[in-house]
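Dumped run.txt below, it's compact mmCIF, C-alpha atoms:
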# COMPACT_ATOMS: atom_id res chain seq x y z
CA MET A 1 -0.68 21.63 -45.89
CA GLU A 2 -1.86 24.69 -44.00
CA PRO A 3 -0.83 24.77 -40.34
CA ILE A 4 -3.58 24.48 -37.73
CA ASN A 5 -3.11 26.97 -34.94
CA LYS A 6 -3.95 24.60 -32.10
CA PRO A 7 -1.81 22.59 -29.68
CA ARG A 8 -0.78 19.21 -31.03
CA GLY A 9 -2.87 16.32 -29.68
CA THR A 10 -1.55 13.09 -28.23
CA TYR A 11 -2.92 9.55 -28.17
CA ALA A 12 -3.86 10.13 -24.52
CA ASP A 13 -5.87 13.19 -25.60
CA PHE A 14 -7.84 11.09 -28.10
CA LEU A 15 -8.54 8.36 -25.55
CA SER A 16 -9.78 10.95 -23.04
CA GLY A 17 -12.31 12.29 -25.57
CA ASP A 18 -11.25 15.87 -24.88
CA TYR A 19 -9.47 16.86 -28.09
CA SER A 20 -11.62 19.37 -29.98
CA GLU A 21 -9.13 22.15 -29.16
CA LYS A 22 -6.19 20.12 -30.46
CA HIS A 23 -4.90 19.02 -33.84
CA PHE A 24 -3.32 15.69 -34.71
CA VAL A 25 -0.43 14.98 -37.05
CA PHE A 26 0.05 11.58 -38.66
CA GLU A 27 3.23 10.47 -40.39
CA LEU A 28 3.93 7.76 -42.95
CA ILE A 29 5.87 4.78 -41.63
CA LYS A 30 9.36 4.47 -42.99
CA LYS A 31 9.45 1.31 -45.08
CA ASN A 32 12.87 0.34 -43.85
CA PRO A 33 14.95 2.39 -41.40
CA GLN A 34 18.15 0.62 -42.43
CA VAL A 35 20.65 2.11 -44.84
CA GLY A 36 20.22 0.76 -48.38
CA ASN A 37 17.91 0.46 -51.37
CA ASN A 38 14.60 -1.35 -51.76
CA SER A 39 14.01 -4.50 -53.83
CA GLN A 40 13.76 -2.43 -57.03
CA GLY A 41 17.17 -0.92 -56.40
CA ASN A 42 15.78 2.48 -55.48
CA PRO A 43 15.96 4.04 -52.03
CA ALA A 44 12.54 4.03 -50.31
CA PRO A 45 11.12 7.08 -48.52
CA GLY A 46 12.67 7.58 -45.12
CA MET A 47 15.76 5.56 -46.03
CA ARG A 48 19.24 6.85 -46.66
CA SER A 49 20.59 6.49 -50.16
CA LYS A 50 23.75 4.40 -50.49
CA GLU A 51 25.04 6.84 -53.06
CA THR A 52 24.39 10.18 -51.36
CA GLY A 53 24.03 9.15 -47.71
CA LYS A 54 21.07 11.53 -47.43
CA THR A 55 17.56 10.64 -46.32
CA VAL A 56 15.22 10.20 -49.26
CA GLU A 57 12.27 12.55 -49.01
CA PHE A 58 8.71 11.28 -49.13
CA PRO A 59 6.77 12.08 -52.32
CA LEU A 60 4.99 15.42 -52.37
CA ALA A 61 1.64 13.67 -51.86
CA VAL A 62 0.67 10.11 -50.97
CA PRO A 63 -3.12 9.55 -51.11
CA ILE A 64 -4.47 6.71 -48.96
CA PRO A 65 -8.16 5.76 -49.40
CA LEU A 66 -10.03 5.90 -46.10
CA VAL A 67 -11.72 2.52 -46.28
CA GLY A 68 -10.76 -0.78 -44.71
CA THR A 69 -11.67 -3.71 -42.46
CA ILE A 70 -11.07 -4.18 -38.75
CA THR A 71 -11.61 -7.09 -36.35
CA ALA A 72 -14.71 -6.39 -34.28
CA GLU A 73 -16.32 -8.28 -31.42
CA LYS A 74 -19.92 -9.25 -30.68
CA THR A 75 -21.63 -11.44 -28.11
CA GLU A 76 -23.44 -14.58 -29.25
CA ARG A 77 -24.87 -17.10 -26.77
CA ASN A 78 -22.90 -15.50 -23.93
CA GLN A 79 -19.65 -15.86 -25.88
CA ILE A 80 -17.52 -13.16 -27.47
CA VAL A 81 -17.13 -13.74 -31.20
CA LYS A 82 -14.64 -11.91 -33.40
CA TYR A 83 -15.58 -11.02 -36.96
CA PRO A 84 -14.39 -8.70 -39.78
CA ARG A 85 -16.23 -5.38 -39.96
CA LYS A 86 -15.86 -2.86 -42.77
CA ILE A 87 -15.12 0.78 -41.93
CA ARG A 88 -15.11 3.88 -44.11
CA TYR A 89 -14.82 7.61 -43.63
CA CYS A 90 -17.47 9.60 -45.49
CA VAL A 91 -18.27 13.29 -45.28
CA GLY A 92 -21.67 13.73 -43.67
CA GLU A 93 -21.72 10.34 -41.92
CA ASN A 94 -21.42 10.18 -38.14
CA SER A 95 -20.44 6.51 -38.03
CA ILE A 96 -17.29 4.93 -39.43
CA PHE A 97 -18.98 1.53 -39.81
CA ILE A 98 -20.40 0.87 -43.27
CA ASP A 99 -23.27 -1.20 -41.85
CA GLU A 100 -24.38 1.84 -39.81
CA GLN A 101 -24.10 4.38 -42.64
CA GLN A 102 -26.91 5.39 -44.95
CA PRO A 103 -27.39 2.99 -47.93
CA ASP A 104 -25.11 3.76 -50.87
CA ASP A 105 -27.88 3.19 -53.42
CA LYS A 106 -29.94 5.97 -51.87
CA PHE A 107 -27.08 8.22 -50.82
CA PRO A 108 -24.05 7.72 -53.12
CA LYS A 109 -20.70 8.14 -51.39
CA GLN A 110 -17.54 9.66 -52.71
CA LEU A 111 -14.30 7.89 -51.76
CA VAL A 112 -12.23 10.13 -49.48
CA TYR A 113 -8.43 10.07 -49.35
CA ALA A 114 -5.97 11.08 -46.67
CA ASN A 115 -3.35 13.06 -48.58
CA PHE A 116 0.00 12.73 -46.83
CA VAL A 117 1.98 15.76 -47.99
CA LYS A 118 5.71 15.15 -47.65
CA GLY A 119 4.90 12.19 -45.44
CA ARG A 120 2.48 13.97 -43.08
CA PHE A 121 -1.29 14.36 -42.71
CA GLN A 122 -2.95 16.61 -40.12
CA VAL A 123 -6.48 16.50 -38.74
CA ASP A 124 -8.37 19.17 -36.79
CA GLY A 125 -9.66 17.96 -33.44
CA THR A 126 -13.18 19.01 -34.40
CA ASP A 127 -13.34 16.27 -37.05
CA SER A 128 -14.09 13.54 -34.51
CA THR A 129 -15.41 11.02 -37.07
CA LEU A 130 -12.20 11.13 -39.11
CA LEU A 131 -10.13 10.77 -35.95
CA LYS A 132 -12.23 7.80 -34.81
CA PHE A 133 -11.63 6.18 -38.20
CA LEU A 134 -7.87 6.77 -38.15
CA PHE A 135 -7.45 5.50 -34.59
CA ALA A 136 -9.64 2.42 -35.20
CA TRP A 137 -7.82 1.44 -38.41
CA ASP A 138 -5.20 -1.29 -38.47
CA GLN A 139 -3.11 0.88 -40.78
CA ASN A 140 -2.38 3.18 -37.82
CA GLU A 141 0.60 1.91 -35.82
CA THR A 142 -0.51 3.98 -32.81
CA ASN A 143 -3.75 1.99 -32.49
CA GLU A 144 -3.17 -0.27 -29.47
CA LYS A 145 -5.91 -2.68 -30.60
CA ARG A 146 -4.71 -3.01 -34.20
CA ASN A 147 -4.17 -6.38 -35.86
CA PRO A 148 -0.40 -6.94 -35.52
CA LYS A 149 -0.39 -9.20 -38.58
CA LYS A 150 -1.10 -6.21 -40.80
CA PHE A 151 1.78 -3.88 -41.68
CA PRO A 152 0.92 -0.28 -40.65
CA LYS A 153 1.20 2.60 -43.10
CA PHE A 154 1.26 5.57 -40.73
CA LYS A 155 1.46 6.58 -37.07
CA LEU A 156 0.57 9.51 -34.84
CA VAL A 157 3.37 11.97 -34.23
CA ASP A 158 3.21 11.94 -30.43
CA THR A 159 6.16 13.57 -28.69
CA SER A 160 4.75 12.59 -25.28
CA VAL A 161 5.08 8.89 -26.17
CA ILE A 162 8.60 9.48 -27.46
CA ALA A 163 9.48 11.25 -24.22
CA GLN A 164 7.93 8.49 -22.09
CA LYS A 165 9.84 5.80 -23.98
CA ALA A 166 13.08 7.77 -23.65
CA ILE A 167 12.52 8.22 -19.91
CA ALA A 168 11.72 4.52 -19.51
CA VAL A 169 14.86 3.50 -21.43
CA ASN A 170 17.05 5.91 -19.46
CA LYS A 171 15.59 4.67 -16.18
CA GLN A 172 16.21 1.06 -17.19
CA LYS A 173 19.76 1.96 -18.17
CA PHE A 174 20.33 3.74 -14.83
CA ASP A 175 18.89 0.79 -12.87
CA VAL A 176 20.93 -1.93 -14.59
CA VAL A 177 24.17 0.08 -14.49
CA LYS A 178 23.60 0.76 -10.80
CA TRP A 179 23.03 -2.95 -10.22
CA CYS A 180 26.27 -3.86 -12.02
CA TYR A 181 28.28 -1.47 -9.84
CA THR A 182 26.57 -1.88 -6.46
CA ALA A 183 25.07 -5.40 -6.27
CA ASP A 184 26.78 -7.82 -3.89
CA TRP A 185 29.80 -9.37 -5.55
CA GLU A 186 29.75 -12.87 -4.05
CA THR A 187 26.04 -13.61 -4.18
CA GLU A 188 24.84 -11.62 -7.21
CA VAL A 189 27.40 -10.19 -9.63
CA LYS A 190 29.93 -13.02 -9.63
CA PRO A 191 27.33 -15.80 -10.12
CA LEU A 192 25.70 -13.94 -13.02
CA ALA A 193 29.03 -13.02 -14.60
CA SER A 194 30.16 -16.65 -14.45
CA VAL A 195 27.20 -17.56 -16.63
CA ILE A 196 27.94 -14.85 -19.21
CA PHE A 197 31.75 -14.70 -19.33
CA THR A 198 34.41 -17.30 -20.09
CA HIS A 199 36.69 -18.75 -17.41
CA GLU A 200 39.49 -16.48 -18.69
CA HIS A 201 37.36 -13.34 -18.35
CA MET A 202 36.35 -14.38 -14.84
CA SER A 203 40.03 -14.21 -13.86
CA TYR A 204 39.95 -10.42 -14.31
CA SER A 205 39.64 -8.07 -11.34
CA THR A 206 36.22 -7.44 -9.83
CA ASP A 207 36.20 -3.88 -11.21
CA GLU A 208 36.92 -5.14 -14.74
CA ILE A 209 34.18 -7.75 -14.53
CA ARG A 210 31.67 -5.20 -13.23
CA HIS A 211 32.64 -2.84 -16.05
CA ASN A 212 32.24 -5.58 -18.67
CA LEU A 213 28.77 -6.30 -17.30
CA VAL A 214 27.93 -2.60 -17.61
CA VAL A 215 28.95 -2.67 -21.29
CA ILE A 216 26.54 -5.57 -21.90
CA ALA A 217 23.76 -3.95 -19.86
CA GLU A 218 24.02 -0.64 -21.73
CA ARG A 219 23.62 -2.35 -25.11
CA ASP A 220 20.08 -3.45 -24.24
CA PRO A 221 18.94 -2.29 -20.78
CA GLY A 222 15.49 -3.79 -21.24
CA ALA A 223 16.78 -7.28 -22.04
CA PHE A 224 19.32 -7.13 -19.19
CA GLN A 225 16.65 -6.03 -16.71
CA LYS A 226 14.32 -8.77 -17.94
CA MET A 227 17.09 -11.31 -17.38
CA LEU A 228 17.65 -10.05 -13.82
CA LYS A 229 13.94 -10.33 -13.03
CA ASP A 230 13.61 -13.82 -14.49
CA PRO A 231 13.06 -16.26 -11.57
CA LYS A 232 15.25 -18.82 -13.35
CA THR A 233 18.14 -16.33 -13.48
CA GLU A 234 17.70 -15.55 -9.78
CA ARG A 235 17.77 -19.24 -8.88
CA LEU A 236 20.80 -19.90 -11.06
CA MET A 237 22.65 -17.07 -9.30
CA VAL A 238 21.75 -18.55 -5.90
CA LEU A 239 22.98 -22.02 -6.91
CA LYS A 240 26.22 -20.61 -8.33
CA ALA A 241 26.77 -18.67 -5.10
CA ALA A 242 26.00 -21.80 -3.06
CA ILE A 243 28.65 -23.72 -5.01
CA ASP A 244 31.19 -20.91 -4.49
CA LYS A 245 30.41 -20.93 -0.77
CA GLU A 246 30.80 -24.75 -0.74
CA ILE A 247 27.23 -25.21 0.48
CA ILE A 248 26.47 -27.60 -2.37
CA VAL A 249 28.66 -29.51 -4.82
CA LYS A 250 28.20 -31.06 -8.24
CA ASN A 251 29.10 -34.72 -8.78
CA PRO A 252 29.81 -35.24 -12.49
CA ALA A 253 30.04 -39.02 -12.05
CA ILE A 254 26.28 -39.33 -11.61
CA ASN A 255 25.31 -35.86 -12.84
CA GLY A 256 23.99 -35.00 -9.40
CA LEU A 257 23.82 -32.13 -6.92
CA PHE A 258 24.78 -32.82 -3.28
CA TRP A 259 25.08 -31.06 0.06
CA SER A 260 28.78 -30.50 0.79
CA ASP A 261 28.44 -31.94 4.29
CA ASN A 262 26.53 -35.02 3.07
CA PRO A 263 28.05 -36.19 -0.23
CA ASN A 264 26.26 -39.57 -0.07
CA GLN A 265 22.74 -38.11 -0.25
CA PRO A 266 21.87 -36.32 -3.50
CA ILE A 267 19.70 -33.24 -3.59
CA SER A 268 18.82 -33.99 -7.20
CA VAL A 269 20.11 -36.13 -10.04
CA ALA A 270 19.70 -35.07 -13.65
CA ALA A 271 19.03 -37.51 -16.45
CA SER A 272 21.85 -38.21 -18.87
CA GLY A 273 22.47 -35.29 -21.22
CA LYS A 274 20.87 -32.67 -18.97
CA GLU A 275 22.82 -29.91 -17.21
CA VAL A 276 22.44 -30.53 -13.48
CA LEU A 277 21.80 -26.92 -12.38
CA ALA A 278 19.25 -26.26 -15.14
CA ASP A 279 17.56 -29.56 -14.26
CA PHE A 280 17.34 -28.66 -10.58
CA ILE A 281 16.01 -25.17 -11.37
CA ALA A 282 13.19 -26.75 -13.38
CA LYS A 283 12.40 -29.05 -10.45
CA SER A 284 12.65 -26.21 -7.93
CA PHE A 285 9.29 -24.79 -9.00
CA SER A 286 7.48 -27.87 -7.69
CA SER A 287 6.23 -27.83 -4.08
CA GLU A 288 8.98 -30.10 -2.72
CA GLY A 289 11.65 -28.64 -4.99
CA GLU A 290 10.81 -25.14 -3.80
CA LYS A 291 11.47 -26.15 -0.20
CA THR A 292 14.89 -27.42 -1.20
CA TYR A 293 15.67 -24.26 -3.17
CA TYR A 294 14.70 -22.00 -0.26
CA ALA A 295 16.82 -24.11 2.09
CA ILE A 296 19.81 -23.48 -0.18
CA ARG A 297 18.96 -19.82 -0.58
CA ASP A 298 18.61 -19.45 3.19
CA LEU A 299 22.19 -20.62 3.58
CA VAL A 300 23.40 -18.19 0.90
CA PHE A 301 21.31 -15.31 2.29
CA PRO A 302 20.81 -16.06 6.01
CA LYS A 303 18.69 -12.91 6.53
CA GLU A 304 16.21 -13.71 3.75
CA SER A 305 14.52 -16.75 5.25
CA GLU A 306 11.07 -17.70 3.99
CA GLY A 307 10.26 -20.31 6.60
CA PHE A 308 12.99 -22.83 5.79
CA SER A 309 15.60 -21.54 8.19
CA ALA A 310 19.16 -22.76 8.21
CA ALA A 311 19.01 -22.40 11.99
CA THR A 312 16.83 -25.51 12.17
CA GLY A 313 19.49 -27.52 10.39
CA GLN A 314 16.85 -29.01 8.12
CA LYS A 315 17.84 -29.48 4.50
CA PRO A 316 14.90 -31.02 2.60
CA MET A 317 15.59 -33.04 -0.53
CA VAL A 318 13.85 -33.03 -3.90
CA PHE A 319 11.53 -36.01 -3.63
CA GLU A 320 10.62 -35.86 -7.30
CA ALA A 321 12.12 -38.93 -9.00
CA PRO A 322 15.42 -37.60 -10.35
CA VAL A 323 16.19 -40.40 -12.79
CA VAL A 324 14.02 -41.12 -15.79
CA LYS A 325 13.39 -44.86 -15.93
CA GLY A 326 14.47 -46.46 -19.16
CA PRO A 327 13.46 -49.67 -20.92
CA THR A 328 16.14 -51.69 -19.01
CA ASP A 329 13.94 -51.73 -15.90
CA THR A 330 12.57 -55.14 -16.92
CA THR A 331 14.30 -58.20 -15.43
CA GLU A 332 15.58 -59.53 -18.75
CA GLU A 333 16.96 -56.18 -19.82
CA LEU A 334 18.65 -55.74 -16.46
CA ARG A 335 20.30 -59.13 -16.98
CA THR A 336 21.55 -57.89 -20.36
CA LEU A 337 22.83 -54.68 -18.76
CA ILE A 338 24.71 -56.62 -16.07
CA LYS A 339 26.13 -59.01 -18.70
CA ASP A 340 27.43 -56.02 -20.72
CA ALA A 341 28.93 -54.57 -17.54
CA VAL A 342 30.72 -57.85 -16.76
CA GLU A 343 32.16 -58.01 -20.30
CA ARG A 344 33.55 -54.49 -19.85
CA GLY A 345 35.01 -55.25 -16.43
CA ILE A 346 32.66 -52.82 -14.71
CA VAL A 347 31.02 -55.54 -12.59
CA VAL A 348 33.47 -58.00 -11.03
CA ILE A 349 32.39 -61.56 -10.12
CA SER A 350 34.16 -63.39 -7.29
CA LYS A 351 36.04 -66.63 -8.04
CA ASN A 352 33.37 -68.77 -6.39
CA ASN A 353 30.74 -67.04 -8.59
CA VAL A 354 28.77 -65.93 -5.51
CA TRP A 355 29.50 -62.21 -5.09
CA TRP A 356 28.92 -59.65 -7.80
CA LYS A 357 30.70 -56.39 -7.06
CA PHE A 358 30.03 -52.89 -8.40
CA MET A 359 31.32 -49.63 -6.88
CA ASP A 360 31.45 -50.24 -3.12
CA SER A 361 28.56 -52.71 -3.07
CA SER A 362 28.47 -56.50 -3.25
CA PHE A 363 25.47 -58.56 -4.29
CA GLN A 364 24.80 -62.27 -3.89
CA LYS A 365 24.72 -63.59 -7.43
CA GLU A 366 23.04 -61.96 -10.39
CA ASP A 367 19.53 -62.00 -8.93
CA GLY A 368 20.79 -60.17 -5.84
CA MET A 369 22.34 -57.48 -8.04
CA ILE A 370 19.11 -57.06 -9.99
CA GLU A 371 17.21 -56.43 -6.78
CA GLY A 372 19.93 -54.06 -5.59
CA LEU A 373 19.71 -52.02 -8.79
CA ARG A 374 15.92 -51.84 -8.48
CA ASP A 375 16.31 -50.40 -4.99
CA ASN A 376 18.99 -47.88 -5.97
CA GLU A 377 18.12 -45.92 -9.13
CA ILE A 378 21.21 -43.74 -8.75
CA MET A 379 23.45 -46.81 -8.90
CA LEU A 380 21.43 -48.08 -11.88
CA GLN A 381 21.93 -44.77 -13.67
CA VAL A 382 25.68 -44.87 -13.03
CA LEU A 383 25.90 -48.44 -14.29
CA LYS A 384 24.04 -47.53 -17.49
CA ARG A 385 26.35 -44.61 -18.09
CA LYS A 386 29.51 -46.61 -17.48
CA VAL A 387 28.34 -49.34 -19.87
CA LEU A 388 27.72 -46.74 -22.57
CA GLU A 389 31.08 -45.03 -21.99
CA THR A 390 33.26 -48.16 -21.65
CA PRO A 391 34.22 -50.15 -24.76
CA VAL A 392 34.31 -53.94 -24.68
CA ALA A 393 37.81 -55.21 -23.97
CA GLU A 394 39.47 -56.78 -27.00
CA VAL A 395 40.25 -60.50 -26.69
CA LYS A 396 43.84 -61.28 -27.68
CA GLU A 397 44.23 -64.43 -29.75

Mind turning this structure into structure tokens?
Amino acid sequence: MEPINKPRGTYADFLSGDYSEKHFVFELIKKNPQVGNNSQGNPAPGMRSKETGKTVEFPLAVPIPLVGTITAEKTERNQIVKYPRKIRYCVGENSIFIDEQQPDDKFPKQLVYANFVKGRFQVDGTDSTLLKFLFAWDQNETNEKRNPKKFPKFKLVDTSVIAQKAIAVNKQKFDVVKWCYTADWETEVKPLASVIFTHEHMSYSTDEIRHNLVVIAERDPGAFQKMLKDPKTERLMVLKAAIDKEIIVKNPAINGLFWSDNPNQPISVAASGKEVLADFIAKSFSSEGEKTYYAIRDLVFPKESEGFSAATGQKPMVFEAPVVKGPTDTTEELRTLIKDAVERGIVVISKNNVWWKFMDSSFQKEDGMIEGLRDNEIMLQVLKRKVLETPVAEVKE
């Protein structure tokens, strides 16, 4: 492969259309970058041999026929329709599309190959038709519009893209490491760390915890940054901070979330089996739930009010029904539920058989308790849970 004495072209150069004074170098894709042998037991090109530890060289020449099919688009009845379109590179043809080339029966074509010598193939910038073919082909990994379902065979050697990716990764790494070391401990770092680390690891010093977060962030800066930017992560951190600041509390008995200064009025109640914070976060994206979330956030971050100021003393609740109604909402099934509760000693009946007691409430006879449960879904949910968790007392003979 004779060198072309022109500057090397980039993908941006091709897209700009100004590339005649450049040359482009394409490289075969490594079949598997991991150490090991292929399915036939032989190391594939670009891989390291298990025996020698050295990278296996590409064959001296790998010919690839310059013909294929791409997914094209056309407009039919004001709608864009995708269809397969055959492409081919032929010497003397200005178009890469077979349906636009001269008929083969009148002008026979010779199949052209791209010969990758030692894994590389170079093209002069003056051969615009060949370049258009290579950059339109799905076999080229650099093609941004390629069909991702097809495995690419080669890519453009573009040092500018490599540099841009390296800069982006380094910037991400710098940003996440900076966040780990400088973000507010109480409202940001500690809440996030409590989600990632065990209770034992959270007993370490603040410097140790920050350092451990840095170790995780450096492993995959992109994933860590994505996690930080996720609205759900942000809301979880706010709720964790609110619990630490004793603004809100969790009540495991009914799987609910309450204001610390008003433990009788729930902010939200999660259905059985759901984690209460995750459940509230899902609800917090509704219109009413968002008001409640911002009210909590305003108490955690007093200077970041978005119209729901803590100064007003207003703490809106999530009005979305927190408890999923089950099949026991019918009268007969509620009677069965109450009967099961009586058998387990959860509901206590007075000696005169008038008052039916549960928790701190008393109801006049069974019908009165049914109406009371209909009016208080939280109490109904607690009763259901207690019935499920409490075995029937054994009768001694």

I'd like the contact shell of region 5-17 of chain A - 7 Å cut-off, all atoms listed in the file, skipping same-chain residues fewer than 5 positions apart - returned as a short mmCIF file (atom, residue, chain, number, x, y, z; two decimals) with C-alpha atoms, in the frame of the given file.
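Saved result, result.cif, follows:
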data_model
loop_
_atom_site.label_atom_id
_atom_site.label_comp_id
_atom_site.auth_asym_id
_atom_site.auth_seq_id
_atom_site.Cartn_x
_atom_site.Cartn_y
_atom_site.Cartn_z
CA LYS A 22 -6.19 20.12 -30.46
CA HIS A 23 -4.90 19.02 -33.84
CA PHE A 24 -3.32 15.69 -34.71
CA ASP A 158 3.21 11.94 -30.43
CA SER A 160 4.75 12.59 -25.28
#

| All residues 12 Å or closer to region 202-205 of chain A, only C-alpha atoms, same chain fewer than 3 positions away omitted, as a ChimeraX atom specification | /A:185,189-199,208-213

Emit the selected residues as a compact mmCIF listing (two decimals), keeping the file's coordinate frame, including C-alpha atoms.
# COMPACT_ATOMS: atom_id res chain seq x y z
CA TRP A 185 29.80 -9.37 -5.55
CA VAL A 189 27.40 -10.19 -9.63
CA LYS A 190 29.93 -13.02 -9.63
CA PRO A 191 27.33 -15.80 -10.12
CA LEU A 192 25.70 -13.94 -13.02
CA ALA A 193 29.03 -13.02 -14.60
CA SER A 194 30.16 -16.65 -14.45
CA VAL A 195 27.20 -17.56 -16.63
CA ILE A 196 27.94 -14.85 -19.21
CA PHE A 197 31.75 -14.70 -19.33
CA THR A 198 34.41 -17.30 -20.09
CA HIS A 199 36.69 -18.75 -17.41
CA GLU A 208 36.92 -5.14 -14.74
CA ILE A 209 34.18 -7.75 -14.53
CA ARG A 210 31.67 -5.20 -13.23
CA HIS A 211 32.64 -2.84 -16.05
CA ASN A 212 32.24 -5.58 -18.67
CA LEU A 213 28.77 -6.30 -17.30

If you count all atoms listed in the file, the residue of A:Thr336, A:Asn143, A:Thr182, A:Thr330 closest to Val387 (chain A) turns out to be A:Thr336

### Task
Might you pull out every residue within 8 Å of Phe154 (chain A), with all atoms listed in the file counted and same-chain residues fewer than 6 positions away left off, and present them as a list of chain:residue names?
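Surrounding residues, per the criterion: A:Phe26, A:Glu27, A:Leu28, A:Ile29, A:Gln139, A:Asn140, A:Glu141.
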
re CA of Gly68 (chain A) and CA of Asp124 (chain A): distance 21.6 Å

field: Atom pair CA of Asp298 (chain A) / CA of Lys283 (chain A): separation (Å)
entry: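 Pair CA of Asp298 (chain A) / CA of Lys283 (chain A) returns 17.8 Å.
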
One decimal place gives the CA of Asp99 (chain A)-CA of Ala114 (chain A) separation as 21.8 Å

Requested in this report: Would you list the residues near (-8.8, 6.6, -44.7), meaning any protein, DNA or RNA residue with an atom at most 8 Å from that point in file coordinates, counting all atoms listed in the file, as a PyMOL selection string?
Outcome: chain A and resi 64-68+88-89+112-114+130+133-134
